[in-house]
Amino acid sequence: MTRRFAGLMTAILACTFFVAACDSTKPPSADCIEAARLYGEALDQNSRAPADEKAENIAVRKESIAALEERKVKACGE
(Lines give C-alpha, C1' and ligand atoms only; values in the text may rest on other atoms or scores of the structure.)
Protein backbone atom coordinates (compact mmCIF):
# COMPACT_ATOMS: atom_id res chain seq x y z
CA MET A 1 0.00 0.00 0.00
CA THR A 2 2.79 2.42 0.85
CA ARG A 3 4.64 1.87 -2.46
CA ARG A 4 1.43 2.41 -4.42
CA PHE A 5 0.68 5.58 -2.47
CA ALA A 6 4.21 6.85 -3.00
CA GLY A 7 3.96 6.19 -6.73
CA LEU A 8 0.66 8.01 -6.95
CA MET A 9 1.99 10.99 -5.00
CA THR A 10 5.07 11.08 -7.23
CA ALA A 11 2.88 11.18 -10.35
CA ILE A 12 0.74 13.97 -8.88
CA LEU A 13 3.78 16.00 -7.87
CA ALA A 14 5.38 15.52 -11.29
CA CYS A 15 2.22 16.80 -12.96
CA THR A 16 2.10 19.78 -10.57
CA PHE A 17 5.74 20.67 -11.21
CA PHE A 18 5.21 20.35 -14.96
CA VAL A 19 2.31 22.80 -14.86
CA ALA A 20 4.25 25.19 -12.63
CA ALA A 21 7.31 25.03 -14.88
CA CYS A 22 5.24 25.93 -17.92
CA ASP A 23 4.01 29.03 -16.09
CA SER A 24 0.45 28.21 -17.05
CA THR A 25 -2.09 30.86 -16.13
CA LYS A 26 -4.93 28.40 -16.06
CA PRO A 27 -4.86 25.17 -14.03
CA PRO A 28 -5.03 21.80 -15.78
CA SER A 29 -8.45 20.33 -16.35
CA ALA A 30 -9.77 17.38 -14.40
CA ASP A 31 -9.44 15.27 -17.58
CA CYS A 32 -5.76 16.22 -17.87
CA ILE A 33 -5.06 15.32 -14.25
CA GLU A 34 -6.88 12.00 -14.55
CA ALA A 35 -5.10 11.10 -17.80
CA ALA A 36 -1.70 11.98 -16.30
CA ARG A 37 -2.49 9.92 -13.19
CA LEU A 38 -3.49 6.87 -15.22
CA TYR A 39 -0.41 7.17 -17.42
CA GLY A 40 1.83 7.51 -14.36
CA GLU A 41 0.28 4.47 -12.72
CA ALA A 42 0.72 2.41 -15.90
CA LEU A 43 4.40 3.35 -16.08
CA ASP A 44 4.83 2.53 -12.40
CA GLN A 45 3.19 -0.88 -12.80
CA ASN A 46 5.34 -1.61 -15.84
CA SER A 47 8.52 -0.70 -13.99
CA ARG A 48 7.64 -3.04 -11.11
CA ALA A 49 6.58 -5.93 -13.35
CA PRO A 50 8.82 -9.00 -13.66
CA ALA A 51 11.28 -8.82 -16.56
CA ASP A 52 9.28 -11.19 -18.76
CA GLU A 53 6.07 -9.19 -18.23
CA LYS A 54 7.36 -5.72 -19.16
CA ALA A 55 5.81 -3.73 -22.00
CA GLU A 56 8.79 -4.46 -24.24
CA ASN A 57 7.85 -8.16 -24.17
CA ILE A 58 4.04 -7.94 -24.21
CA ALA A 59 2.37 -6.15 -27.13
CA VAL A 60 -0.93 -5.58 -25.33
CA ARG A 61 0.77 -3.84 -22.41
CA LYS A 62 2.85 -1.74 -24.80
CA GLU A 63 -0.27 -0.69 -26.74
CA SER A 64 -2.09 0.13 -23.51
CA ILE A 65 0.70 2.41 -22.32
CA ALA A 66 0.84 4.10 -25.74
CA ALA A 67 -2.93 4.67 -25.66
CA LEU A 68 -2.73 6.17 -22.17
CA GLU A 69 0.10 8.44 -23.29
CA GLU A 70 -1.95 9.57 -26.30
CA ARG A 71 -4.93 10.24 -24.03
CA LYS A 72 -2.71 12.32 -21.73
CA VAL A 73 -1.35 14.34 -24.64
CA LYS A 74 -4.85 15.04 -25.99
CA ALA A 75 -6.28 15.94 -22.57
CA CYS A 76 -3.38 18.17 -21.54
CA GLY A 77 -2.73 19.71 -24.94
CA GLU A 78 0.98 18.88 -24.94
# chains A, B, ... in the order shown; residues from 1 in each chain; ligands from 1
>>> residues_around(residues="region 48-65 of chain A", least_positions_apart="3", cutoff="12 Å", atoms="only C-alpha atoms", output="list of chain:residue names")
A:Arg3, A:Arg4, A:Gly7, A:Ala35, A:Ala36, A:Leu38, A:Tyr39, A:Gly40, A:Glu41, A:Ala42, A:Leu43, A:Asp44, A:Gln45, A:Leu68, A:Glu69, A:Glu70, A:Arg71, A:Lys72
>>> write_last_selection(atoms="N, CA and C atoms", output="CSV table (one decimal), in the first residue's frame")
chain,number,residue,atom,x,y,z
A,3,ARG,N,4.0,1.7,-1.2
A,3,ARG,CA,4.6,1.9,-2.5
A,3,ARG,C,3.7,2.4,-3.5
A,4,ARG,N,2.4,1.9,-3.5
A,4,ARG,CA,1.4,2.4,-4.4
A,4,ARG,C,1.1,3.9,-4.1
A,7,GLY,N,4.0,6.1,-5.3
A,7,GLY,CA,4.0,6.2,-6.7
A,7,GLY,C,2.9,7.2,-7.2
A,35,ALA,N,-5.9,11.8,-16.8
A,35,ALA,CA,-5.1,11.1,-17.8
A,35,ALA,C,-3.6,11.0,-17.4
A,36,ALA,N,-3.1,12.0,-16.8
A,36,ALA,CA,-1.7,12.0,-16.3
A,36,ALA,C,-1.5,11.0,-15.2
A,38,LEU,N,-3.4,8.2,-14.7
A,38,LEU,CA,-3.5,6.9,-15.2
A,38,LEU,C,-2.2,6.5,-16.0
A,39,TYR,N,-1.6,7.4,-16.7
A,39,TYR,CA,-0.4,7.2,-17.4
A,39,TYR,C,0.7,6.9,-16.4
A,40,GLY,N,0.8,7.7,-15.4
A,40,GLY,CA,1.8,7.5,-14.4
A,40,GLY,C,1.7,6.2,-13.7
A,41,GLU,N,0.5,5.8,-13.4
A,41,GLU,CA,0.3,4.5,-12.7
A,41,GLU,C,0.7,3.3,-13.7
A,42,ALA,N,0.4,3.5,-14.9
A,42,ALA,CA,0.7,2.4,-15.9
A,42,ALA,C,2.2,2.3,-16.0
A,43,LEU,N,2.9,3.4,-16.0
A,43,LEU,CA,4.4,3.4,-16.1
A,43,LEU,C,5.0,2.8,-14.8
A,44,ASP,N,4.4,3.1,-13.7
A,44,ASP,CA,4.8,2.5,-12.4
A,44,ASP,C,4.6,1.0,-12.4
A,45,GLN,N,3.5,0.6,-12.8
A,45,GLN,CA,3.2,-0.9,-12.8
A,45,GLN,C,4.1,-1.6,-13.7
A,68,LEU,N,-2.6,5.3,-23.3
A,68,LEU,CA,-2.7,6.2,-22.2
A,68,LEU,C,-1.9,7.4,-22.4
A,69,GLU,N,-0.7,7.3,-23.0
A,69,GLU,CA,0.1,8.4,-23.3
A,69,GLU,C,-0.6,9.4,-24.3
A,70,GLU,N,-1.2,8.8,-25.3
A,70,GLU,CA,-2.0,9.6,-26.3
A,70,GLU,C,-3.1,10.3,-25.6
A,71,ARG,N,-3.8,9.6,-24.7
A,71,ARG,CA,-4.9,10.2,-24.0
A,71,ARG,C,-4.4,11.4,-23.2
A,72,LYS,N,-3.3,11.3,-22.5
A,72,LYS,CA,-2.7,12.3,-21.7
A,72,LYS,C,-2.4,13.5,-22.6
